[in-house]
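Quick look at data21.txt (compact mmCIF, C-alpha atoms (C1' of nucleotides)):
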# COMPACT_ATOMS: atom_id res chain seq x y z
CA MET Y 114 6.71 14.24 -14.53
CA ASP Y 115 5.08 17.10 -12.66
CA THR Y 116 1.72 16.14 -14.03
CA ALA Y 117 2.30 12.50 -13.28
CA LEU Y 118 3.36 13.33 -9.72
CA ASN Y 119 0.22 15.33 -9.10
CA LEU Y 120 -2.03 12.69 -10.56
CA PHE Y 121 -0.32 9.87 -8.67
CA ASN Y 122 -0.58 11.79 -5.40
CA GLU Y 123 -4.19 12.61 -6.01
CA LYS Y 124 -5.57 9.34 -7.31
CA GLY Y 125 -2.99 6.73 -6.40
CA LEU Y 126 -0.57 4.88 -8.63
CA ALA Y 127 -2.93 2.22 -9.88
CA GLN Y 128 -5.65 4.66 -10.87
CA VAL Y 129 -3.46 6.66 -13.22
CA SER Y 130 -2.77 5.25 -16.66
CA LEU Y 131 -0.54 6.60 -19.40
CA ARG Y 132 -3.66 7.89 -21.09
CA THR Y 133 -4.73 9.73 -17.97
CA ILE Y 134 -1.41 11.53 -17.82
CA ALA Y 135 -1.40 12.29 -21.54
CA GLU Y 136 -4.94 13.59 -21.39
CA SER Y 137 -4.16 15.79 -18.42
CA MET Y 138 -1.17 17.23 -20.30
CA ARG Y 139 -3.21 17.53 -23.46
CA ILE Y 140 -0.73 15.59 -25.49
CA SER Y 141 -1.25 12.32 -27.30
CA PRO Y 142 -0.51 8.94 -25.69
CA GLY Y 143 1.96 8.33 -28.50
CA ASN Y 144 3.86 11.40 -27.52
CA LEU Y 145 4.11 10.27 -23.95
CA THR Y 146 5.42 6.85 -24.87
CA TYR Y 147 7.99 8.55 -27.03
CA HIS Y 148 9.48 10.24 -23.96
CA PHE Y 149 8.87 7.39 -21.55
CA LYS Y 150 8.92 4.10 -23.32
CA LYS Y 151 7.38 2.38 -20.34
CA ARG Y 152 5.03 3.56 -17.65
CA GLU Y 153 7.45 2.19 -15.07
CA GLU Y 154 10.01 4.68 -16.34
CA ILE Y 155 7.95 7.61 -15.13
CA VAL Y 156 7.45 6.06 -11.73
CA GLU Y 157 11.10 5.16 -11.50
CA ALA Y 158 12.16 8.65 -12.53
CA LEU Y 159 9.93 10.13 -9.83
CA TYR Y 160 11.35 7.79 -7.25
CA TYR Y 161 14.90 8.80 -8.04
CA GLU Y 162 13.87 12.44 -8.10
CA PHE Y 163 12.57 11.93 -4.59
CA VAL Y 164 15.79 10.25 -3.53
CA ALA Y 165 17.87 13.04 -5.03
CA GLU Y 166 15.79 15.65 -3.26
CA VAL Y 167 16.28 13.97 0.09
CA GLU Y 168 19.98 13.66 -0.60
CA GLU Y 169 20.27 17.29 -1.60
CA ARG Y 170 18.43 18.58 1.43
CA PHE Y 171 20.49 16.31 3.62
CA GLU Y 172 23.70 17.81 2.25
CA GLU Y 173 22.40 21.30 2.97
CA MET Y 174 21.89 20.50 6.63
CA ASN Y 175 24.31 21.59 9.28
CA LEU Y 176 25.89 18.40 10.51
CA SER Y 177 28.80 20.11 12.21
CA GLU Y 178 27.15 20.01 15.59
CA ILE Y 179 24.86 17.20 16.45
CA LYS Y 180 22.18 18.39 18.80
CA LEU Y 181 18.58 17.55 19.39
CA ASN Y 182 17.36 20.02 16.83
CA LEU Y 183 19.22 18.03 14.18
CA VAL Y 184 16.85 15.13 14.81
CA PHE Y 185 13.93 17.53 14.57
CA ASP Y 186 15.26 18.96 11.33
CA LEU Y 187 15.88 15.55 9.85
CA ILE Y 188 12.41 14.29 10.64
CA LEU Y 189 10.88 17.52 9.38
CA MET Y 190 12.86 17.42 6.17
CA LEU Y 191 11.84 13.83 5.51
CA THR Y 192 8.24 14.64 6.35
CA GLU Y 193 8.14 17.43 3.81
CA THR Y 194 9.81 15.46 1.08
CA ARG Y 195 7.70 12.38 1.64
CA LEU Y 196 4.64 14.57 1.59
CA LYS Y 197 5.58 15.96 -1.78
CA TYR Y 198 5.99 12.45 -3.18
CA ARG Y 199 3.32 10.90 -1.03
CA PHE Y 200 2.14 8.47 -3.68
CA LEU Y 201 5.44 6.68 -3.25
CA MET Y 202 4.59 6.07 0.38
CA ARG Y 203 0.99 5.22 -0.32
CA ASP Y 204 1.83 2.61 -2.94
CA PHE Y 205 5.24 1.63 -1.70
CA THR Y 206 4.45 -2.06 -1.46
CA THR Y 207 3.17 -2.31 -5.03
CA LEU Y 208 6.08 -0.24 -6.22
CA ILE Y 209 8.66 -2.41 -4.58
CA ALA Y 210 6.97 -5.64 -5.54
CA GLU Y 211 7.02 -4.65 -9.19
CA ASN Y 212 10.33 -2.88 -9.43
CA PRO Y 213 13.44 -4.76 -8.33
CA SER Y 214 15.68 -1.78 -9.02
CA ILE Y 215 13.76 0.43 -6.62
CA LYS Y 216 13.57 -2.33 -4.07
CA LYS Y 217 17.29 -2.86 -4.11
CA HIS Y 218 17.93 0.84 -3.78
CA TYR Y 219 15.41 1.22 -0.97
CA VAL Y 220 16.83 -1.60 1.10
CA ALA Y 221 20.30 -0.10 0.72
CA VAL Y 222 19.10 3.36 1.73
CA ILE Y 223 17.35 2.03 4.82
CA LYS Y 224 20.53 0.31 5.88
CA LYS Y 225 22.64 3.39 5.35
CA ARG Y 226 20.20 5.65 7.17
CA LYS Y 227 20.10 3.25 10.04
CA SER Y 228 23.82 3.42 10.62
CA GLN Y 229 23.80 7.20 10.26
CA SER Y 230 20.99 7.44 12.78
CA MET Y 231 22.70 5.16 15.21
CA GLY Y 232 25.72 7.44 14.98
CA ILE Y 233 23.58 10.43 15.86
CA PHE Y 234 21.98 8.60 18.78
CA ASP Y 235 25.38 7.58 20.14
CA HIS Y 236 26.53 11.15 19.95
CA LEU Y 237 23.45 12.45 21.73
CA ILE Y 238 23.94 9.87 24.45
CA GLU Y 239 27.54 10.97 24.91
CA GLN Y 240 26.34 14.54 25.20
CA LYS Y 241 23.89 13.40 27.84
CA ILE Y 242 20.93 14.58 25.83
CA LEU Y 243 19.61 11.07 25.47
CA ARG Y 244 19.77 8.62 28.36
CA PRO Y 245 21.88 5.49 27.92
CA ALA Y 246 20.16 2.41 26.57
CA GLU Y 247 18.50 0.28 29.20
CA LEU Y 248 17.33 -2.53 26.97
CA GLU Y 249 18.92 -4.64 24.33
CA ASN Y 250 18.73 -3.02 20.90
CA GLU Y 251 16.79 -0.19 22.45
CA TYR Y 252 17.97 2.53 20.10
CA GLU Y 253 18.01 0.24 17.08
CA HIS Y 254 14.38 -0.42 17.73
CA LEU Y 255 13.71 3.24 18.31
CA TYR Y 256 15.22 3.98 14.93
CA GLU Y 257 13.08 1.34 13.27
CA ARG Y 258 9.98 2.74 14.83
CA ILE Y 259 10.81 6.22 13.61
CA GLN Y 260 11.50 4.77 10.20
CA ILE Y 261 8.14 3.05 9.98
CA LEU Y 262 6.25 6.00 11.40
CA GLY Y 263 7.96 8.36 8.99
CA ASN Y 264 7.12 6.19 6.03
CA PHE Y 265 3.56 5.38 6.95
CA TRP Y 266 1.94 8.15 8.92
CA ILE Y 267 0.88 9.80 5.67
CA THR Y 268 -0.68 6.60 4.44
CA SER Y 269 -2.37 6.09 7.75
CA ALA Y 270 -3.75 9.62 7.81
CA LEU Y 271 -4.99 9.34 4.24
CA MET Y 272 -6.68 6.07 5.09
CA GLN Y 273 -8.62 7.81 7.80
CA GLY Y 274 -9.75 10.38 5.31
CA ASN Y 275 -7.63 13.25 6.53
CA LYS Y 276 -6.80 15.95 4.04
CA MET Y 277 -3.17 16.98 3.98
CA THR Y 278 -3.62 20.43 5.44
CA ASN Y 279 -0.89 22.24 7.31
CA ALA Y 280 -2.65 21.44 10.56
CA THR Y 281 -2.66 17.72 9.78
CA VAL Y 282 0.99 17.77 8.88
CA GLU Y 283 1.96 19.67 12.01
CA ARG Y 284 -0.08 17.43 14.25
CA ASN Y 285 1.46 14.32 12.77
CA PHE Y 286 4.94 15.73 12.87
CA GLU Y 287 4.42 16.30 16.58
CA MET Y 288 3.06 12.79 16.95
CA VAL Y 289 6.13 11.29 15.32
CA VAL Y 290 8.73 13.47 16.95
CA GLN Y 291 7.34 12.94 20.45
CA ILE Y 292 8.63 9.40 20.24
CA MET Y 293 12.01 10.83 21.21
CA TYR Y 294 10.81 12.65 24.30
CA PRO Y 295 10.84 9.92 26.93
CA TYR Y 296 14.43 9.05 26.06
CA LEU Y 297 15.65 12.54 26.90
CA THR Y 298 17.69 13.36 29.98
CA ASN Y 299 16.81 16.44 32.00
CA LYS Y 300 19.33 18.32 29.93
CA GLY Y 301 17.67 16.95 26.83
CA LYS Y 302 14.27 17.98 28.08
CA ARG Y 303 15.42 21.53 28.59
CA GLU Y 304 16.57 21.58 25.00
CA TRP Y 305 13.23 20.14 23.95
CA GLU Y 306 11.46 23.02 25.69
CA ARG Y 307 13.39 25.49 23.65
CA LEU Y 308 12.54 23.68 20.43
CA THR Y 309 8.80 23.38 20.85
CA MET E 119 -11.98 -17.76 0.90
CA ASP E 120 -9.09 -19.75 2.30
CA THR E 121 -7.55 -20.03 -1.13
CA ALA E 122 -8.13 -16.35 -1.80
CA LEU E 123 -6.57 -15.41 1.53
CA ASN E 124 -3.46 -17.43 0.81
CA LEU E 125 -3.10 -16.05 -2.68
CA PHE E 126 -3.69 -12.46 -1.56
CA ASN E 127 -1.13 -12.82 1.20
CA GLU E 128 1.36 -14.38 -1.13
CA LYS E 129 1.05 -12.24 -4.22
CA GLY E 130 -0.76 -9.13 -3.12
CA LEU E 131 -4.30 -8.06 -3.81
CA ALA E 132 -3.72 -6.57 -7.25
CA GLN E 133 -1.88 -9.61 -8.58
CA VAL E 134 -4.69 -12.03 -7.86
CA SER E 135 -7.61 -12.12 -10.26
CA LEU E 136 -10.78 -14.17 -10.06
CA ARG E 137 -9.26 -16.51 -12.59
CA THR E 138 -6.17 -16.97 -10.45
CA ILE E 139 -8.28 -18.01 -7.52
CA ALA E 140 -10.49 -20.27 -9.62
CA GLU E 141 -7.47 -21.91 -11.20
CA SER E 142 -5.84 -22.46 -7.85
CA MET E 143 -9.05 -24.10 -6.58
CA ARG E 144 -9.40 -26.06 -9.82
CA ILE E 145 -12.88 -24.80 -10.40
CA SER E 146 -14.15 -22.70 -13.28
CA PRO E 147 -14.31 -18.91 -13.18
CA GLY E 148 -18.05 -19.18 -13.73
CA ASN E 149 -18.38 -21.25 -10.62
CA LEU E 150 -16.54 -18.67 -8.59
CA THR E 151 -18.69 -15.80 -9.80
CA TYR E 152 -21.71 -17.86 -8.88
CA HIS E 153 -20.63 -17.83 -5.24
CA PHE E 154 -19.17 -14.35 -5.24
CA LYS E 155 -20.87 -12.13 -7.74
CA LYS E 156 -18.11 -9.57 -7.48
CA ARG E 157 -14.44 -9.85 -6.71
CA GLU E 158 -14.89 -7.15 -4.09
CA GLU E 159 -17.21 -9.49 -2.26
CA ILE E 160 -14.41 -11.91 -1.52
CA VAL E 161 -12.17 -9.16 -0.28
CA GLU E 162 -14.93 -7.67 1.79
CA ALA E 163 -15.82 -11.05 3.27
CA LEU E 164 -12.18 -11.57 4.25
CA TYR E 165 -12.01 -8.15 5.82
CA TYR E 166 -15.04 -8.81 7.97
CA GLU E 167 -13.71 -12.24 8.84
CA PHE E 168 -10.58 -10.51 10.09
CA VAL E 169 -12.64 -8.03 12.08
CA ALA E 170 -14.70 -10.81 13.60
CA GLU E 171 -11.59 -12.72 14.55
CA VAL E 172 -10.11 -9.70 16.32
CA GLU E 173 -13.39 -9.10 18.07
CA GLU E 174 -13.66 -12.71 19.16
CA ARG E 175 -10.14 -12.88 20.52
CA PHE E 176 -10.69 -9.58 22.25
CA GLU E 177 -13.76 -10.98 24.04
CA GLU E 178 -11.74 -13.96 25.18
CA MET E 179 -9.18 -11.79 26.87
CA ASN E 180 -9.18 -11.25 30.59
CA LEU E 181 -10.10 -7.62 31.02
CA SER E 182 -10.96 -7.94 34.68
CA GLU E 183 -7.60 -6.67 35.81
CA ILE E 184 -5.79 -4.18 33.71
CA LYS E 185 -2.08 -4.67 34.06
CA LEU E 186 0.90 -4.24 31.82
CA ASN E 187 0.60 -7.74 30.45
CA LEU E 188 -2.78 -6.79 29.04
CA VAL E 189 -1.08 -4.35 26.74
CA PHE E 190 1.38 -7.06 25.75
CA ASP E 191 -1.42 -9.49 25.10
CA LEU E 192 -3.40 -6.99 23.06
CA ILE E 193 -0.48 -6.11 20.85
CA LEU E 194 0.42 -9.77 20.44
CA MET E 195 -3.13 -10.71 19.58
CA LEU E 196 -3.36 -7.98 16.97
CA THR E 197 0.04 -8.93 15.59
CA GLU E 198 -1.02 -12.51 15.08
CA THR E 199 -4.34 -11.67 13.52
CA ARG E 200 -2.89 -9.04 11.23
CA LEU E 201 -0.25 -11.50 10.20
CA LYS E 202 -2.87 -14.03 9.21
CA TYR E 203 -4.63 -11.43 7.06
CA ARG E 204 -1.52 -9.56 6.11
CA PHE E 205 -2.68 -8.73 2.60
CA LEU E 206 -5.20 -6.42 4.22
CA MET E 207 -2.36 -4.46 5.77
CA ARG E 208 -0.23 -4.58 2.70
CA ASP E 209 -2.91 -3.22 0.42
CA PHE E 210 -4.89 -1.26 2.94
CA THR E 211 -4.75 1.98 1.02
CA THR E 212 -6.08 0.47 -2.19
CA LEU E 213 -8.69 -1.42 -0.26
CA ILE E 214 -9.96 1.62 1.52
CA ALA E 215 -9.83 3.83 -1.53
CA GLU E 216 -11.99 1.40 -3.47
CA ASN E 217 -14.38 0.25 -0.79
CA PRO E 218 -16.36 2.90 1.09
CA SER E 219 -18.00 0.32 3.33
CA ILE E 220 -14.66 -0.93 4.61
CA LYS E 221 -13.36 2.57 4.97
CA LYS E 222 -16.29 3.64 7.07
CA HIS E 223 -15.97 0.59 9.26
CA TYR E 224 -12.22 1.04 9.66
CA VAL E 225 -12.47 4.67 10.69
CA ALA E 226 -15.10 3.75 13.28
CA VAL E 227 -12.97 0.89 14.64
CA ILE E 228 -9.92 3.11 14.98
CA LYS E 229 -11.93 5.62 16.93
CA LYS E 230 -13.38 2.98 19.23
CA ARG E 231 -10.00 1.37 19.82
CA LYS E 232 -8.49 4.70 20.61
CA SER E 233 -10.92 5.43 23.40
CA GLN E 234 -10.50 1.90 24.77
CA SER E 235 -6.75 2.30 24.72
CA MET E 236 -6.90 5.66 26.40
CA GLY E 237 -8.95 4.03 29.13
CA ILE E 238 -6.28 1.39 29.64
CA PHE E 239 -3.53 4.00 29.72
CA ASP E 240 -5.42 6.05 32.30
CA HIS E 241 -5.83 2.99 34.44
CA LEU E 242 -2.16 2.09 34.21
CA ILE E 243 -1.24 5.63 35.17
CA GLU E 244 -3.50 5.45 38.21
CA GLN E 245 -1.83 2.19 39.17
CA LYS E 246 1.51 3.95 38.85
CA ILE E 247 2.67 1.54 36.19
CA LEU E 248 2.88 4.31 33.63
CA ARG E 249 4.19 7.71 34.57
CA PRO E 250 1.80 10.66 34.25
CA ALA E 251 1.74 12.55 30.98
CA GLU E 252 4.32 15.29 30.73
CA LEU E 253 3.36 16.64 27.33
CA GLU E 254 0.13 17.65 25.72
CA ASN E 255 -1.62 14.71 24.07
CA GLU E 256 1.29 12.53 25.08
CA TYR E 257 -0.65 9.28 25.45
CA GLU E 258 -2.97 10.05 22.56
CA HIS E 259 0.10 10.32 20.42
CA LEU E 260 1.56 7.19 21.92
CA TYR E 261 -1.60 5.35 21.00
CA GLU E 262 -1.46 6.64 17.46
CA ARG E 263 2.12 5.55 17.11
CA ILE E 264 1.29 2.07 18.33
CA GLN E 265 -1.63 2.02 15.94
CA ILE E 266 0.51 2.90 12.94
CA LEU E 267 3.33 0.56 13.93
CA GLY E 268 0.89 -2.27 14.45
CA ASN E 269 -0.69 -1.74 11.07
CA PHE E 270 2.46 -1.23 9.08
CA TRP E 271 5.38 -3.11 10.52
CA ILE E 272 4.41 -6.13 8.44
CA THR E 273 4.29 -4.06 5.30
CA SER E 274 7.60 -2.47 6.15
CA ALA E 275 9.24 -5.81 6.83
CA LEU E 276 7.88 -7.29 3.61
CA MET E 277 9.16 -4.30 1.69
CA GLN E 278 12.63 -5.00 2.97
CA GLY E 279 12.32 -8.53 1.73
CA ASN E 280 11.95 -10.22 5.09
CA LYS E 281 10.20 -13.53 5.17
CA MET E 282 7.59 -13.89 7.86
CA THR E 283 9.41 -16.42 9.99
CA ASN E 284 8.81 -16.76 13.69
CA ALA E 285 12.06 -14.95 14.34
CA THR E 286 10.98 -11.97 12.25
CA VAL E 287 7.65 -11.81 13.99
CA GLU E 288 9.21 -12.01 17.44
CA ARG E 289 11.80 -9.40 16.65
CA ASN E 290 9.18 -7.02 15.36
CA PHE E 291 6.83 -7.64 18.21
CA GLU E 292 9.66 -6.66 20.53
CA MET E 293 10.35 -3.61 18.41
CA VAL E 294 6.76 -2.47 18.64
CA VAL E 295 6.18 -3.27 22.27
CA GLN E 296 9.34 -1.55 23.45
CA ILE E 297 7.65 1.73 22.60
CA MET E 298 5.93 1.41 25.98
CA TYR E 299 9.08 0.93 27.99
CA PRO E 300 10.27 4.50 28.57
CA TYR E 301 6.86 5.49 29.87
CA LEU E 302 7.04 2.95 32.69
CA THR E 303 7.56 3.89 36.32
CA ASN E 304 9.99 1.86 38.40
CA LYS E 305 7.08 -0.29 39.44
CA GLY E 306 6.15 -0.67 35.81
CA LYS E 307 9.70 -1.61 34.92
CA ARG E 308 9.72 -4.37 37.50
CA GLU E 309 6.59 -5.75 35.91
CA TRP E 310 8.25 -5.46 32.50
CA GLU E 311 11.16 -7.56 33.76
CA ARG E 312 8.79 -10.30 34.70
CA LEU E 313 7.13 -10.24 31.30
CA THR E 314 10.18 -10.40 29.07
C1' DC K 190 -38.76 -41.14 -8.37
C1' DT K 191 -39.37 -36.70 -10.04
C1' DA K 192 -39.09 -31.80 -9.88
C1' DA K 193 -36.96 -27.98 -8.11
C1' DA K 194 -32.83 -25.99 -6.25
C1' DT K 195 -28.13 -25.46 -6.36
C1' DA K 196 -23.69 -25.82 -8.28
C1' DT K 197 -20.42 -26.05 -12.08
C1' DA K 198 -18.26 -25.38 -16.61
C1' DG K 199 -17.45 -22.97 -20.50
C1' DT K 200 -17.71 -19.12 -23.16
C1' DA K 201 -18.56 -14.43 -24.52
C1' DC K 202 -18.15 -9.50 -24.13
C1' DA K 203 -16.94 -4.91 -23.10
C1' DA K 204 -13.63 -1.98 -21.13
C1' DA K 205 -9.08 -0.67 -19.99
C1' DT K 206 -4.25 -0.79 -20.39
C1' DG K 207 0.55 -0.96 -21.87
C1' DT K 208 2.86 -0.52 -25.77
C1' DA K 209 4.23 -0.77 -30.72
C1' DC K 210 3.97 1.29 -35.17
C1' DT K 211 3.38 4.75 -38.83
C1' DA K 212 2.87 9.11 -40.72
C1' DA K 213 3.12 13.93 -40.23
C1' DT K 214 5.10 18.06 -38.27
C1' DA K 215 8.60 20.95 -36.07
C1' DA K 216 13.30 21.90 -34.86
C1' DA K 217 18.12 21.70 -35.42
C1' DT K 218 22.13 21.53 -38.10
C1' DA K 219 25.44 21.51 -41.80
C1' DT T 66 18.38 26.10 -47.94
C1' DA T 67 18.39 21.13 -47.59
C1' DT T 68 18.45 17.31 -44.82
C1' DT T 69 18.69 15.07 -40.79
C1' DT T 70 16.90 14.56 -36.17
C1' DA T 71 13.43 15.16 -32.68
C1' DT T 72 8.75 15.53 -31.50
C1' DT T 73 3.87 14.77 -31.88
C1' DA T 74 -0.57 12.60 -33.17
C1' DG T 75 -3.26 8.93 -34.15
C1' DT T 76 -4.20 4.34 -34.33
C1' DA T 77 -3.81 -0.55 -33.83
C1' DC T 78 -3.04 -4.72 -31.23
C1' DA T 79 -2.59 -8.12 -27.79
C1' DT T 80 -3.63 -9.02 -23.13
C1' DT T 81 -6.02 -8.96 -18.99
C1' DT T 82 -9.85 -8.43 -16.13
C1' DG T 83 -14.44 -8.26 -14.14
C1' DT T 84 -18.57 -10.01 -15.09
C1' DA T 85 -22.70 -11.78 -17.59
C1' DC T 86 -24.92 -15.55 -19.84
C1' DT T 87 -26.21 -20.22 -21.03
C1' DA T 88 -26.19 -25.01 -20.86
C1' DT T 89 -25.17 -29.13 -18.05
C1' DA T 90 -24.63 -31.63 -14.08
C1' DT T 91 -25.43 -32.53 -9.32
C1' DT T 92 -27.88 -32.33 -5.12
C1' DT T 93 -31.95 -31.79 -2.38
C1' DA T 94 -36.68 -32.30 -1.20
C1' DG T 95 -41.41 -33.57 -1.63
Mind turning this structure into structure tokens?
Amino acid sequence: MDTALNLFNEKGLAQVSLRTIAESMRISPGNLTYHFKKREEIVEALYYEFVAEVEERFEEMNLSEIKLNLVFDLILMLTETRLKYRFLMRDFTTLIAENPSIKKHYVAVIKKRKSQSMGIFDHLIEQKILRPAELENEYEHLYERIQILGNFWITSALMQGNKMTNATVERNFEMVVQIMYPYLTNKGKREWERLT
Amino acid sequence: MDTALNLFNEKGLAQVSLRTIAESMRISPGNLTYHFKKREEIVEALYYEFVAEVEERFEEMNLSEIKLNLVFDLILMLTETRLKYRFLMRDFTTLIAENPSIKKHYVAVIKKRKSQSMGIFDHLIEQKILRPAELENEYEHLYERIQILGNFWITSALMQGNKMTNATVERNFEMVVQIMYPYLTNKGKREWERLT
DNA sequence: CTAAATATAGTACAAATGTACTAATAAATA
DNA sequence: TATTTATTAGTACATTTGTACTATATTTAG
């Protein structure tokens, strides 16, 4: 799975066949199909590994006090994990089109995350770190934008030929996280100062 | 090309072979390869058709006075055109990985659009419709976010199983365009009211 | 009307891919 | 140690796909 992950990240899902993986591991194709009857199984296993990793790191986070840095930490954590499994992002559409199980799971996760995020936003508004909503669905839409940006900035950067150096990652993290800034109150902005 | 576009949009680039297209047109595969020597040629032709369409609609737009509605119009125009050629968005990574010509063109377009957009932002700031930047690269980052959202909201919506109804499109247009709202001055917000 | 061009159909071919199958080898267990 | 189980290698097969090739048919032009 490690080898497959590296190859998928490097070349993209479609460009990596069972034989490619087997060759890279210096085992026979037959051996590989013994452990993973279907190619989909490897991909699926990697997807659920990714999900588990996000879950695990989420559990580790300090949710006792919801402050602005929690949002930072969440976005950063997701950035790092998505980066590790970036082929999933890059080929997400194909993946989901071909794998109903993953699709179902993904849709459920999105829904769950959305309600969690809305909870955090509400809390931050109560604490006067975020300003109250001025438009209909304003924070729902904000969440959706963060969601899309989080999922696709890697793809977008790769498309423009950027290598995934630390500098690239930092720059893009900043680009994503700045979406929060104009919703901050003065109190929120002071906290922002401390965080950046 | 019409048939190919429809099939690509419907099933995704990878799922549509030359034979699929030929069958759907009720012509022979040989006939198709006579007109398009390579499958890539069809895809490439569609990409440049898309580019031309964006260009054309851009020319048609009234650029004489830069106001907030120009930004609305631009985003709406791009939304519609991208929707028409949505397979390009959906499979953009594959496309760009496999076609250096398209990649080169895309990277150049992004760069050009960025400087155009920055010009518009500057103008709107001068007109006190947008507030001045408070952070480093604030409007550059805003542009990049709009860029990514514009490119990928369709993909994201499709991944969640949404059909591309008018309602979906409208909802997502609102979601994208609202990213501008918190940067507006009071004057800008009054203009926003008139537009929505 | 005839010749040249364009268009179409049908088929063939090589390459790649997922996967199934068989035989041999290594490891575990009783 | 003997035997059962797990692992590995190697190969075979069916399918798909892009594309090339050839022979007709149709259209265009002189």
For region 293-296 of chain Y, list every protein, DNA or RNA residue within 10 Å, evaluated using all atoms listed in the file, and leave out those in the same chain fewer than 3 positions away; present the list as a list in words.
Leu181, Val184, Phe185, Ile238, Ile242, Leu243, Arg244, Pro245, Ala246, Tyr252, Leu255, Tyr256, Ile259, Val289, Val290, Asn299, Gly301, Lys302 and Trp305 of chain Y; Glu252, Leu253, Glu256, Ile297, Met298, Tyr299, Pro300, Tyr301 and Leu302 of chain E
Between chain K and chain Y, at 12 Å or less, what are the per-residue closest atom pairs and their distances in Å? Count only C-alpha atoms (C1' of nucleotides), order by chain and rising residue number, and return it as JSON lines.
{"residue": "K:DA205", "atom": "C1'", "partner": "Y:Ser130", "partner_atom": "CA", "distance": 9.3}
{"residue": "K:DT206", "atom": "C1'", "partner": "Y:Ser130", "partner_atom": "CA", "distance": 7.3}
{"residue": "K:DG207", "atom": "C1'", "partner": "Y:Arg152", "partner_atom": "CA", "distance": 7.6}
{"residue": "K:DT208", "atom": "C1'", "partner": "Y:Lys151", "partner_atom": "CA", "distance": 7.6}
{"residue": "K:DA209", "atom": "C1'", "partner": "Y:Gly143", "partner_atom": "CA", "distance": 9.6}
{"residue": "K:DC210", "atom": "C1'", "partner": "Y:Gly143", "partner_atom": "CA", "distance": 9.9}
{"residue": "K:DT211", "atom": "C1'", "partner": "Y:Gly143", "partner_atom": "CA", "distance": 11.0}
What are the residues of chain T that have an atom within 8 Å of an atom of chain Y, counting only C-alpha atoms (C1' of nucleotides), as a VMD selection string?
chain T and resid 72 to 75
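Shell of Val167 (chain Y) at 12 Å, with only C-alpha atoms (C1' of nucleotides) counted and residues fewer than 5 places along the chain excluded, is Tyr160, Tyr161, Glu162, Glu172, Glu173, Met174, Leu187, Ile188, Leu189, Met190, Leu191, Thr192, Glu193, Thr194, Arg195, Leu196, Lys197, Tyr198, Val222 and Arg226 of chain Y.
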If the cut-off is 10 Å, can you tell me the residues of chain E near chain Y, counting only C-alpha atoms? I'd like them as number ranges by chain.
E: 129-133, 208-215, 221-222, 224-226, 228-229, 252-253, 255-267, 269-271, 273-279, 289-290, 292-302
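For the atom pair formed by CA of Glu288 (chain E) and CA of Glu171 (chain E), the distance is 21.0 Å, given to one decimal.
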May I have the residues at most 6 Å from (-8.4, -1.3, 29.6) in the file's coordinates, counting all atoms listed in the file, as number ranges by chain?
E: 184, 237-238
Edge lengths and centre, in Å to one decimal, as JSON: that's what I need for the box along x, y and z that holds all listed atoms of region 125-137 of chain Y plus 3 Å on each side.
{"center_x": -3.1, "center_y": 9.0, "center_z": -14.0, "size_x": 11.1, "size_y": 19.6, "size_z": 21.1}
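Put simply, CA of Glu254 (chain E) is 13.9 Å away from CA of Met236 (chain E).
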Would you mind reading off the distance between CA of Glu306 (chain Y) and CA of Gln240 (chain Y), one decimal, in Å?
17.1 Å
